[in-house]
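*Asks:* Got a structure here, written out as structure tokens. Questions coming.
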Amino acid sequence: MTAPVGDEGPVNGERPGNGERPGNGERLGNGERLGNGTPLLEVRDLAVYHGQLRALDAISLQVFPGEVYAIIGANGAGKSTLLRTIAGLHQPTEGSVLLDGRDVTQLRPERRARQGIVMVPEGRRLFGSLSVEENLQVGAAYARPGGSWTIDAVYGMFDWMRERRSQRTAQLSGGEQQAVAIGRALVANPRVLLLDELSLGLAPVVVQRIYGMLPQILATGLTVLLVEQDVSQALRVATHIQCLLEGRTTLEGRPADVTAEQVEAAYFGLAGAASAGQAGEGMDSLWPG
Amino acid sequence: MAWVNAIIQGVLTGGLYALFACGLSLMFGVMKVVNLAHGDLAVVAGYIAIGIITVTHVPALWSLLIVVPVMAVLGYALQRTLIQSALDRGVLTTLIVTLGLSMVIENGLLQFFTANTRGICAGCALVQDSFSIGSQIQVAWLLVVIFAVAVVVLLGLQYFLSMSKYGRLIRAVADDKEAAQLAGADYRHVFGIAAALALATVALGGVGYGMYSTLDPTAGTDTILLFAFAAVVIGGLGSLWGTLLGGVVLGVAQQIGAQINISDELLAGFIVFLAVLVVRPQGLTSRRAQS
Amino acid sequence: MSLVTEASTQPAAAFRVTRSRRNVAWTGIAALVVVVVLALFPYIVYSGTTAILVQAFIVLTLASMWNLLAGYAGLVSVGQQGFVGLGAYFVLIFGLHGISPFDALPVAAIGCGVAALPLWWLVSRLRSGYFAIATWVLAATIMLFIERFSSIGGGSGMPLPGFTGYSSTLLTAYTYWAGLAVTVLALVAIYLLLRSRLGLVLTAIRDDEVAARSSGARVGLARMLVFVVAGIGCGAAGAVLAISQLQVQPSADFSVTWTAEMAFATIIGGLGTIEGPIIGTAVYMVLQQTLASYNAWYLIILGLVAILVALFARRGLWGLVDERLNVKLFPVGYWLRTANGDRRLGSRRQN
């Protein structure tokens, strides 16, 4: 089944002013990112507390249209908190979230979803007593007008879904549920798709297959911001990465521009580039999976 | 033969109890609200009907055209303001707030209408007539009509919940309101719709009760609330048709109790309620172990 | 490196943990004085006043019990009126067998405590909403069951026997002292309970039940104990009620209005503090006395105030005072006393 749109370029008319977007694999000069106009999604100096614990401290990031922006870090680093704050489920004590230059920090989650920030939450969070199709219908209930992701298009992307659309989602496997969760977010016609820990609880083969859908999704003009525990997986799909440790940013840049030692140091918070014998090997060999 | 009469009456009364219970099941199931003022709101609906009939002299059933929409709007308003604020603060606050609402309503009615009982349409043919099956069984027309109304209401609710956009939203929000927010749904608005439905159905129950029996300010907490909860619990939370089953079981239990000893009618019903709470709190229709 | 040496040069006993500050001694003496003065009331005030105070004692006892249940054990019961009625009927039954109501009072209270055990078995596994409704149904069932027996008055009740031989003044005085005794005993019992190890478990439950359970606290046992104590307390209050009314009346003794009154008094005064029910009862009595001539109005206002307090001033009136003055009349918490000053342990929820 083919993607709902061809590879020619943007489909919907609502794009930010810069127009261009990087395809996967395009390499840019050091420090340059395409779309030097307004970022599609921006976070400025975000500080978030869980009770008295500071979960995020002065976090900033910019996501430009068409990018796959990956946030990595150990458990408890604050990755999911960051994504949930962008989605509107947490209120920051300081800082702001901007969509297309407009401050959305005060908007409730449902308003942000209707504006185009749609999250696929950690653990899928499907509506267990509803069928597959009903889950998609709820996702489409408040969709932004004019999108190419209809329920039919989602069935097109996952070939098993149409036949089993009347099944209750509680009976699906983990990978199938993840697919429905992504579909539910897509039919809302997002501008930025937030993916929270897609790989959690899924077999590696399934995870590969799901991340393999990303090109199709990007081809329709979406931008992706994802949180991923599996660093090698994140490095494979991302056009830009940011590493968090204990609520702070320890690394930021494009996968091509960072070394394995830098990522490892940023991930674990080591003072300098640590492991001696690892220099020169490919990045993939450091990480499991 | 007295027993057959009793059982038939018990079954039909189950329809009235289902009307009380389905709204409670909605609010309890969707929002996790134990609305202690539920019975009093049914009584309010009955009093509004009495007021309309007294002022405009329309036939009793016509008053429903005003009472039901008014109660639906009241339900939405109450939910969006009072009950949502209480929900945001926890279970205890919700119980206190709904208990407070119940007290205010009951004593307000006492203050303005006195403790006298009132009936709706006491002399009407609908209320008094009955028909016979065979030579020894008498069935009151009113009960049959109320039962039919209950079935129609339950069918309508079932259709609404399974087929319509807002019905899906109500079920989705009941499953996971945060995920519904992420999909763009304002769950507080959806709660309001559910509450509007709940109060619309309880209005029908209140008017029916005013015809079948009599209304007084404390009827809400004396009988109606506990009957509604009994029907919900016995039938099983989360099942609309379960409220009808629960209502029927309650009604039959009450009539059997009355046959044994005329003053044991209420007691028999409550004993069955307690038994279900202790042995199988998830109710008769639920498949889960413990809700 | 430098951190370690700094710590070792600190003086050994730089702080200590105590139960209370200086003021408790004064509070204790003040409380004693108050009780003695109250005990003298039948000699110095009119019987109308003592009758009002008996009402206050009943409500205060009930509110303190409800506070214990909901504020410390997390048990929100809407059926305590069952114990009120049971206490009243125990006094009646003993009275019918020739025992004076005043002698029957403690036995009635114990009887309610015993009755609480099978009732607890019935409802203990239910969670919040179901638990609340179950307690209400239990109370209604008990009432309906009692109403079957015409020998104890059936549905309309009957006067309490056993008052022959008491002059009117003596009766008023004894009733008043019974009410005072019940209230004082109830408050003292609750104070001692919360200061004990059980009290620590209860405060842990109040603050975070899951954490309490996982740290090994015997949550189930603590709750059962609280339920039984509340049964005894409410039963005793019910006995005083019957004595003060000189009769039992099922619809009044088992009315859910009792639960509303004890719950609202607690909430308005402040849930989870011993002082709260005292303040709440005072508010209730003021409302009732000033609006009594307007029939149901005081209950309407009480309900409205309770709603407002529950929504906007969750720690009640005593919570508002406590935050400003940091005062505890009944010290059941812990203080950290250092050279730099005293600090109450547990910043979020006090007592």
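Labels for the structure tokens follow display order: chains A, B, ..., residues from 1 in each chain, ligands from 1.
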Just want the 7 Å neighbourhood of region 40-57 of chain C, counted on only C-alpha atoms, with same-chain residues fewer than 2 positions away dropped. Output as a list in words.
*Replies:*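 These residues fall inside the cut-off: Val36, Val37, Leu38, Val59, Leu60, Thr61, Thr172, Ala173, Tyr176, Gly179, Leu180, Thr183, Thr281 and Met285 of chain C.
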*Asks:* Restricting the output to N, CA and C atoms, write the selected residues as a PDB file, in the first residue's frame.
*Replies:*
ATOM      1  N   VAL C  36     -14.001  21.613  84.132  1.00  0.00           N
ATOM      2  CA  VAL C  36     -14.539  21.814  85.486  1.00  0.00           C
ATOM      3  C   VAL C  36     -15.643  22.866  85.452  1.00  0.00           C
ATOM      4  N   VAL C  37     -15.386  23.959  84.750  1.00  0.00           N
ATOM      5  CA  VAL C  37     -16.412  25.001  84.659  1.00  0.00           C
ATOM      6  C   VAL C  37     -17.680  24.449  84.014  1.00  0.00           C
ATOM      7  N   LEU C  38     -17.501  23.708  82.938  1.00  0.00           N
ATOM      8  CA  LEU C  38     -18.671  23.131  82.274  1.00  0.00           C
ATOM      9  C   LEU C  38     -19.434  22.216  83.214  1.00  0.00           C
ATOM     10  N   VAL C  59     -23.351  16.601  68.991  1.00  0.00           N
ATOM     11  CA  VAL C  59     -22.776  16.901  67.683  1.00  0.00           C
ATOM     12  C   VAL C  59     -21.251  16.854  67.729  1.00  0.00           C
ATOM     13  N   LEU C  60     -20.661  17.347  68.827  1.00  0.00           N
ATOM     14  CA  LEU C  60     -19.205  17.348  68.934  1.00  0.00           C
ATOM     15  C   LEU C  60     -18.659  15.925  68.958  1.00  0.00           C
ATOM     16  N   THR C  61     -19.305  15.061  69.723  1.00  0.00           N
ATOM     17  CA  THR C  61     -18.869  13.665  69.759  1.00  0.00           C
ATOM     18  C   THR C  61     -18.967  13.035  68.373  1.00  0.00           C
ATOM     19  N   THR C 172     -32.341  16.817  84.339  1.00  0.00           N
ATOM     20  CA  THR C 172     -31.606  17.721  83.464  1.00  0.00           C
ATOM     21  C   THR C 172     -30.120  17.682  83.764  1.00  0.00           C
ATOM     22  N   ALA C 173     -29.797  17.714  85.055  1.00  0.00           N
ATOM     23  CA  ALA C 173     -28.379  17.732  85.430  1.00  0.00           C
ATOM     24  C   ALA C 173     -27.676  16.441  85.016  1.00  0.00           C
ATOM     25  N   TYR C 176     -27.163  16.299  81.349  1.00  0.00           N
ATOM     26  CA  TYR C 176     -26.070  17.190  80.966  1.00  0.00           C
ATOM     27  C   TYR C 176     -24.723  16.567  81.276  1.00  0.00           C
ATOM     28  N   GLY C 179     -23.853  13.820  78.895  1.00  0.00           N
ATOM     29  CA  GLY C 179     -23.371  14.362  77.631  1.00  0.00           C
ATOM     30  C   GLY C 179     -21.950  14.868  77.743  1.00  0.00           C
ATOM     31  N   LEU C 180     -21.673  15.596  78.827  1.00  0.00           N
ATOM     32  CA  LEU C 180     -20.325  16.133  79.027  1.00  0.00           C
ATOM     33  C   LEU C 180     -19.315  15.001  79.162  1.00  0.00           C
ATOM     34  N   THR C 183     -18.559  13.343  75.824  1.00  0.00           N
ATOM     35  CA  THR C 183     -17.729  14.175  74.957  1.00  0.00           C
ATOM     36  C   THR C 183     -16.282  14.212  75.430  1.00  0.00           C
ATOM     37  N   THR C 281     -18.361  22.336  65.373  1.00  0.00           N
ATOM     38  CA  THR C 281     -19.559  22.225  66.199  1.00  0.00           C
ATOM     39  C   THR C 281     -20.002  23.593  66.689  1.00  0.00           C
ATOM     40  N   MET C 285     -23.642  25.142  66.075  1.00  0.00           N
ATOM     41  CA  MET C 285     -24.565  25.556  67.135  1.00  0.00           C
ATOM     42  C   MET C 285     -24.987  27.009  66.955  1.00  0.00           C
TER      43      MET C 285
END
*Asks:* Neighbouring residues of Leu64 (chain B) were defined as those with any atom within 12 Å, considering only C-alpha atoms; residues of the same chain fewer than 3 positions away were excluded. Please report them as a ChimeraX atom specification.
*Replies:* /B:45-53,58-61,67-72,120,200-208
*Asks:* In Å, with one decimal, what is the gap from CA of Val17 (chain C) to CA of Gly319 (chain C)?
*Replies:*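 We find that CA of Val17 (chain C) and CA of Gly319 (chain C) lie 23.6 Å from each other.
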*Asks:* Given the choices B:Val44, B:Ile137, B:Ala268, B:Ala150, which gets closest to Ile105 (chain B) if the distance is worked out from only C-alpha atoms?
*Replies:*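 Comparing B:Val44, B:Ile137, B:Ala268, B:Ala150 against Ile105 (chain B), the winner is B:Val44.
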*Asks:* For each of C:Val91, C:Ala70, C:Val84, C:Leu122, take the minimum atom-to-atom distance to Leu277 (chain B), counting only C-alpha atoms, then give the residue where this is smallest.
*Replies:*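 Counting only C-alpha atoms, the residue closest to Leu277 (chain B) is C:Leu122.
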*Asks:* Using only C-alpha atoms, what table do you get, as a tab-separated table, when you list each residue of chain A with an atom no more than 6 Å from chain B, its nearest pair of atoms, and their distance in Å rounded to one decimal, rows by chain then rising number?
*Replies:*
residue	atom	partner	partner_atom	distance
A:Pro109	CA	B:Gln181	CA	5.8
A:Glu110	CA	B:Gly184	CA	4.0
A:Ala113	CA	B:Gly184	CA	5.0
A:Arg114	CA	B:Gly184	CA	5.6
A:Phe127	CA	B:Asp175	CA	5.6
A:Gly139	CA	B:Ala183	CA	5.1
A:Tyr142	CA	B:Gly184	CA	5.5
*Asks:* Can you check which residues of region 47-296 of chain C DSSP gives as strand (DSSP E or B) on the backbone and send them as number ranges by chain?
*Replies:* C: 158-159, 247-248
*Asks:* Can you tell me, as a PDB file with C-alpha atoms, in the first residue's frame, what residues are no more than 8 Å from region 124-133 of chain B when counting only C-alpha atoms, ignoring any on the same chain fewer than 4 positions away?
*Replies:*
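The result, stored in result-v9.pdb:
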ATOM      1  CA  ILE B 137     -54.180 -10.862  37.616  1.00  0.00           C
ATOM      2  CA  GLN B 138     -54.405  -7.097  37.715  1.00  0.00           C
ATOM      3  CA  VAL B 139     -51.762  -4.950  36.127  1.00  0.00           C
ATOM      4  CA  ALA B 140     -51.667  -1.196  36.480  1.00  0.00           C
ATOM      5  CA  TRP B 141     -51.442   0.629  33.152  1.00  0.00           C
ATOM      6  CA  LEU B 142     -49.130   3.203  34.633  1.00  0.00           C
ATOM      7  CA  MET B 211     -47.528   9.527  39.454  1.00  0.00           C
ATOM      8  CA  TYR B 212     -46.982   6.066  40.831  1.00  0.00           C
TER       9      TYR B 212
END
*Asks:* Chain C residues within 9 Å of chain B, counting only C-alpha atoms: which ones, as a PyMOL selection string?
*Replies:* chain C and resi 70+74+76+121-123+125-126+128-130+132-134+136-138+140-142+144-145+148+256-257+260+263-264+267+294-297+299-308+310-311+314
*Asks:* I need the residues from that last selection saved to file as a CSV table (one decimal), in the first residue's frame (with C-alpha atoms), if you can.
*Replies:*
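The file below, part.csv, is the result:
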chain,number,residue,atom,x,y,z
C,70,ALA,CA,-12.6,10.2,57.3
C,74,GLY,CA,-9.7,7.4,55.0
C,76,VAL,CA,-15.8,8.1,54.4
C,121,TRP,CA,-16.8,-7.5,58.0
C,122,LEU,CA,-19.6,-6.7,55.6
C,123,VAL,CA,-18.2,-3.5,54.2
C,125,ARG,CA,-13.4,-4.7,51.3
C,126,LEU,CA,-15.4,-2.0,49.4
C,128,SER,CA,-14.6,4.6,48.6
C,129,GLY,CA,-17.8,5.2,46.6
C,130,TYR,CA,-19.2,1.7,47.2
C,132,ALA,CA,-20.0,5.1,51.4
C,133,ILE,CA,-23.2,3.7,49.9
C,134,ALA,CA,-22.9,0.4,51.7
C,136,TRP,CA,-25.8,4.1,54.2
C,137,VAL,CA,-27.7,1.0,53.2
C,138,LEU,CA,-26.6,-0.7,56.4
C,140,ALA,CA,-31.3,2.0,56.6
C,141,THR,CA,-31.5,-1.7,56.9
C,142,ILE,CA,-30.9,-1.6,60.7
C,144,LEU,CA,-36.1,-1.1,59.0
C,145,PHE,CA,-35.2,-4.2,60.9
C,148,ARG,CA,-40.5,-4.5,62.7
C,256,VAL,CA,-29.1,10.6,57.5
C,257,THR,CA,-29.2,14.3,58.6
C,260,ALA,CA,-24.7,15.4,57.2
C,263,ALA,CA,-19.6,15.6,58.3
C,264,PHE,CA,-20.3,19.3,57.7
C,267,ILE,CA,-15.3,19.8,57.2
C,294,TYR,CA,-36.6,29.8,60.5
C,295,ASN,CA,-37.0,26.0,60.5
C,296,ALA,CA,-35.0,24.5,57.8
C,297,TRP,CA,-32.8,27.5,57.0
C,299,LEU,CA,-29.5,23.3,57.5
C,300,ILE,CA,-29.6,25.0,54.1
C,301,ILE,CA,-26.9,27.5,55.3
C,302,LEU,CA,-24.9,24.7,56.9
C,303,GLY,CA,-24.9,22.8,53.6
C,304,LEU,CA,-23.9,25.8,51.6
C,305,VAL,CA,-21.1,26.7,54.0
C,306,ALA,CA,-19.9,23.1,53.9
C,307,ILE,CA,-19.8,23.1,50.1
C,308,LEU,CA,-17.9,26.4,50.0
C,310,ALA,CA,-14.8,21.9,50.9
C,311,LEU,CA,-14.1,23.6,47.6
C,314,ARG,CA,-10.0,22.6,52.3
*Asks:* When DSSP works through the backbone of this structure, what residues of region 24-145 of chain A end up as helix (DSSP H, G or I), shown as number ranges by chain?
*Replies:* A: 79-87, 109-115, 132-140
*Asks:* Residues as selected, C-alpha atoms, written as a PDB file, in the first residue's frame, can you do that?
*Replies:*
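Result file out.pdb:
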ATOM      1  CA  LYS A  79      12.367  13.146  28.494  1.00  0.00           C
ATOM      2  CA  SER A  80       8.763  12.153  28.912  1.00  0.00           C
ATOM      3  CA  THR A  81       8.127  15.118  31.200  1.00  0.00           C
ATOM      4  CA  LEU A  82       9.380  17.380  28.438  1.00  0.00           C
ATOM      5  CA  LEU A  83       7.105  15.809  25.871  1.00  0.00           C
ATOM      6  CA  ARG A  84       4.111  15.886  28.197  1.00  0.00           C
ATOM      7  CA  THR A  85       4.754  19.527  28.954  1.00  0.00           C
ATOM      8  CA  ILE A  86       4.862  20.336  25.262  1.00  0.00           C
ATOM      9  CA  ALA A  87       1.581  18.453  24.860  1.00  0.00           C
ATOM     10  CA  PRO A 109      -3.941  19.917  26.017  1.00  0.00           C
ATOM     11  CA  GLU A 110      -7.069  19.596  23.905  1.00  0.00           C
ATOM     12  CA  ARG A 111      -6.616  23.078  22.482  1.00  0.00           C
ATOM     13  CA  ARG A 112      -3.008  22.320  21.570  1.00  0.00           C
ATOM     14  CA  ALA A 113      -4.091  19.120  19.883  1.00  0.00           C
ATOM     15  CA  ARG A 114      -6.568  21.054  17.809  1.00  0.00           C
ATOM     16  CA  GLN A 115      -3.821  23.502  16.858  1.00  0.00           C
ATOM     17  CA  VAL A 132     -10.007   0.033  16.480  1.00  0.00           C
ATOM     18  CA  GLU A 133     -12.208   2.093  14.211  1.00  0.00           C
ATOM     19  CA  GLU A 134     -13.849   3.886  17.116  1.00  0.00           C
ATOM     20  CA  ASN A 135     -10.430   4.813  18.475  1.00  0.00           C
ATOM     21  CA  LEU A 136      -9.604   6.359  15.120  1.00  0.00           C
ATOM     22  CA  GLN A 137     -12.964   8.090  15.005  1.00  0.00           C
ATOM     23  CA  VAL A 138     -12.322   9.705  18.373  1.00  0.00           C
ATOM     24  CA  GLY A 139      -8.931  10.806  17.121  1.00  0.00           C
ATOM     25  CA  ALA A 140     -10.575  12.383  14.103  1.00  0.00           C
TER      26      ALA A 140
END
*Asks:* Tell me, in Å to one decimal, how far CA of Val33 (chain C) is from CA of Val184 (chain C).
*Replies:*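 Distance between the two atoms: 12.6 Å.
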*Asks:* Quick one: of A:Gln208, A:Thr38, A:Gln52, A:Thr220, who's nearest to chain C, counting only C-alpha atoms?
*Replies:* A:Gln52
*Asks:* Please provide as a PDB file with N, CA and C atoms, in the first residue's frame all residues within 12 Å of Val229 (chain C), with the sequence filter that same-chain residues fewer than 6 positions apart are discarded (counting only C-alpha atoms).
*Replies:*
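As a result, result01.pdb now contains:
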ATOM      1  N   THR C  61     -19.305  15.061  69.723  1.00  0.00           N
ATOM      2  CA  THR C  61     -18.869  13.665  69.759  1.00  0.00           C
ATOM      3  C   THR C  61     -18.967  13.035  68.373  1.00  0.00           C
ATOM      4  N   LEU C  62     -20.115  13.232  67.735  1.00  0.00           N
ATOM      5  CA  LEU C  62     -20.297  12.652  66.409  1.00  0.00           C
ATOM      6  C   LEU C  62     -19.261  13.189  65.424  1.00  0.00           C
ATOM      7  N   SER C  64     -16.313  14.424  66.018  1.00  0.00           N
ATOM      8  CA  SER C  64     -14.976  13.900  66.317  1.00  0.00           C
ATOM      9  C   SER C  64     -14.820  12.485  65.781  1.00  0.00           C
ATOM     10  N   MET C  65     -15.879  11.700  65.906  1.00  0.00           N
ATOM     11  CA  MET C  65     -15.816  10.335  65.381  1.00  0.00           C
ATOM     12  C   MET C  65     -15.709  10.342  63.865  1.00  0.00           C
ATOM     13  N   TRP C  66     -16.499  11.174  63.222  1.00  0.00           N
ATOM     14  CA  TRP C  66     -16.462  11.217  61.753  1.00  0.00           C
ATOM     15  C   TRP C  66     -15.101  11.696  61.267  1.00  0.00           C
ATOM     16  N   ASN C  67     -14.524  12.631  62.022  1.00  0.00           N
ATOM     17  CA  ASN C  67     -13.200  13.121  61.712  1.00  0.00           C
ATOM     18  C   ASN C  67     -12.170  11.998  61.803  1.00  0.00           C
ATOM     19  N   LEU C  68     -12.308  11.188  62.835  1.00  0.00           N
ATOM     20  CA  LEU C  68     -11.398  10.053  62.998  1.00  0.00           C
ATOM     21  C   LEU C  68     -11.517   9.110  61.810  1.00  0.00           C
ATOM     22  N   LEU C  69     -12.745   8.818  61.416  1.00  0.00           N
ATOM     23  CA  LEU C  69     -12.983   7.892  60.314  1.00  0.00           C
ATOM     24  C   LEU C  69     -12.458   8.439  58.997  1.00  0.00           C
ATOM     25  N   ALA C  73      -8.490   7.627  58.943  1.00  0.00           N
ATOM     26  CA  ALA C  73      -8.474   6.274  58.410  1.00  0.00           C
ATOM     27  C   ALA C  73      -8.909   6.228  56.962  1.00  0.00           C
ATOM     28  N   GLN C  80     -23.117   6.531  59.644  1.00  0.00           N
ATOM     29  CA  GLN C  80     -22.913   6.510  61.093  1.00  0.00           C
ATOM     30  C   GLN C  80     -24.219   6.674  61.850  1.00  0.00           C
ATOM     31  N   PHE C  83     -25.302   3.778  63.946  1.00  0.00           N
ATOM     32  CA  PHE C  83     -24.831   3.592  65.322  1.00  0.00           C
ATOM     33  C   PHE C  83     -25.547   4.520  66.283  1.00  0.00           C
ATOM     34  N   ALA C 109     -22.935   1.808  74.628  1.00  0.00           N
ATOM     35  CA  ALA C 109     -21.778   2.181  73.812  1.00  0.00           C
ATOM     36  C   ALA C 109     -20.952   0.946  73.465  1.00  0.00           C
ATOM     37  N   ILE C 110     -20.680   0.121  74.468  1.00  0.00           N
ATOM     38  CA  ILE C 110     -19.916  -1.103  74.213  1.00  0.00           C
ATOM     39  C   ILE C 110     -20.668  -1.997  73.236  1.00  0.00           C
ATOM     40  N   GLY C 111     -21.977  -2.084  73.432  1.00  0.00           N
ATOM     41  CA  GLY C 111     -22.785  -2.900  72.534  1.00  0.00           C
ATOM     42  C   GLY C 111     -22.641  -2.465  71.086  1.00  0.00           C
ATOM     43  N   CYS C 112     -22.608  -1.146  70.873  1.00  0.00           N
ATOM     44  CA  CYS C 112     -22.424  -0.654  69.507  1.00  0.00           C
ATOM     45  C   CYS C 112     -21.044  -1.025  68.985  1.00  0.00           C
ATOM     46  N   GLY C 113     -20.065  -1.004  69.847  1.00  0.00           N
ATOM     47  CA  GLY C 113     -18.727  -1.401  69.425  1.00  0.00           C
ATOM     48  C   GLY C 113     -18.694  -2.859  68.991  1.00  0.00           C
ATOM     49  N   VAL C 114     -19.402  -3.701  69.764  1.00  0.00           N
ATOM     50  CA  VAL C 114     -19.468  -5.116  69.389  1.00  0.00           C
ATOM     51  C   VAL C 114     -20.203  -5.279  68.074  1.00  0.00           C
ATOM     52  N   ALA C 115     -21.304  -4.547  67.924  1.00  0.00           N
ATOM     53  CA  ALA C 115     -22.074  -4.639  66.676  1.00  0.00           C
ATOM     54  C   ALA C 115     -21.246  -4.184  65.491  1.00  0.00           C
ATOM     55  N   ALA C 116     -20.282  -3.294  65.733  1.00  0.00           N
ATOM     56  CA  ALA C 116     -19.481  -2.769  64.625  1.00  0.00           C
ATOM     57  C   ALA C 116     -18.647  -3.854  63.957  1.00  0.00           C
ATOM     58  N   LEU C 117     -18.332  -4.903  64.698  1.00  0.00           N
ATOM     59  CA  LEU C 117     -17.442  -5.926  64.130  1.00  0.00           C
ATOM     60  C   LEU C 117     -18.056  -6.658  62.935  1.00  0.00           C
ATOM     61  N   TRP C 120     -18.371  -4.292  60.054  1.00  0.00           N
ATOM     62  CA  TRP C 120     -17.097  -4.032  59.388  1.00  0.00           C
ATOM     63  C   TRP C 120     -16.778  -5.164  58.426  1.00  0.00           C
ATOM     64  N   LEU C 185     -14.700  12.076  77.352  1.00  0.00           N
ATOM     65  CA  LEU C 185     -14.085  10.765  77.142  1.00  0.00           C
ATOM     66  C   LEU C 185     -13.741  10.551  75.682  1.00  0.00           C
ATOM     67  N   ALA C 186     -14.647  10.953  74.800  1.00  0.00           N
ATOM     68  CA  ALA C 186     -14.394  10.767  73.372  1.00  0.00           C
ATOM     69  C   ALA C 186     -13.151  11.543  72.937  1.00  0.00           C
ATOM     70  N   LEU C 187     -13.065  12.800  73.340  1.00  0.00           N
ATOM     71  CA  LEU C 187     -11.918  13.612  72.919  1.00  0.00           C
ATOM     72  C   LEU C 187     -10.623  13.079  73.515  1.00  0.00           C
ATOM     73  N   ALA C 189     -10.020  10.003  74.439  1.00  0.00           N
ATOM     74  CA  ALA C 189      -9.708   8.739  73.769  1.00  0.00           C
ATOM     75  C   ALA C 189      -9.066   8.990  72.414  1.00  0.00           C
ATOM     76  N   ILE C 190      -9.626   9.916  71.661  1.00  0.00           N
ATOM     77  CA  ILE C 190      -9.077  10.207  70.335  1.00  0.00           C
ATOM     78  C   ILE C 190      -7.670  10.779  70.459  1.00  0.00           C
ATOM     79  N   LEU C 193      -5.365   7.991  71.362  1.00  0.00           N
ATOM     80  CA  LEU C 193      -5.247   7.093  70.217  1.00  0.00           C
ATOM     81  C   LEU C 193      -4.265   7.645  69.197  1.00  0.00           C
ATOM     82  N   ALA C 222      -5.736  -1.262  61.638  1.00  0.00           N
ATOM     83  CA  ALA C 222      -5.934   0.107  62.114  1.00  0.00           C
ATOM     84  C   ALA C 222      -7.322   0.598  61.738  1.00  0.00           C
ATOM     85  N   ARG C 223      -7.710   0.323  60.501  1.00  0.00           N
ATOM     86  CA  ARG C 223      -9.020   0.786  60.053  1.00  0.00           C
ATOM     87  C   ARG C 223     -10.145   0.136  60.830  1.00  0.00           C
ATOM     88  N   GLY C 235     -22.449   5.476  69.076  1.00  0.00           N
ATOM     89  CA  GLY C 235     -23.462   4.809  69.887  1.00  0.00           C
ATOM     90  C   GLY C 235     -23.682   5.546  71.205  1.00  0.00           C
ATOM     91  N   ALA C 236     -22.589   5.978  71.817  1.00  0.00           N
ATOM     92  CA  ALA C 236     -22.718   6.719  73.069  1.00  0.00           C
ATOM     93  C   ALA C 236     -23.492   8.016  72.847  1.00  0.00           C
TER      94      ALA C 236
END
*Asks:* Contacts of Phe268 (chain A) at 8 Å or less, counting only C-alpha atoms, minus same-chain residues fewer than 4 places along, as an NGL selection string?
*Replies:* :A and (74 or 245 or 264)
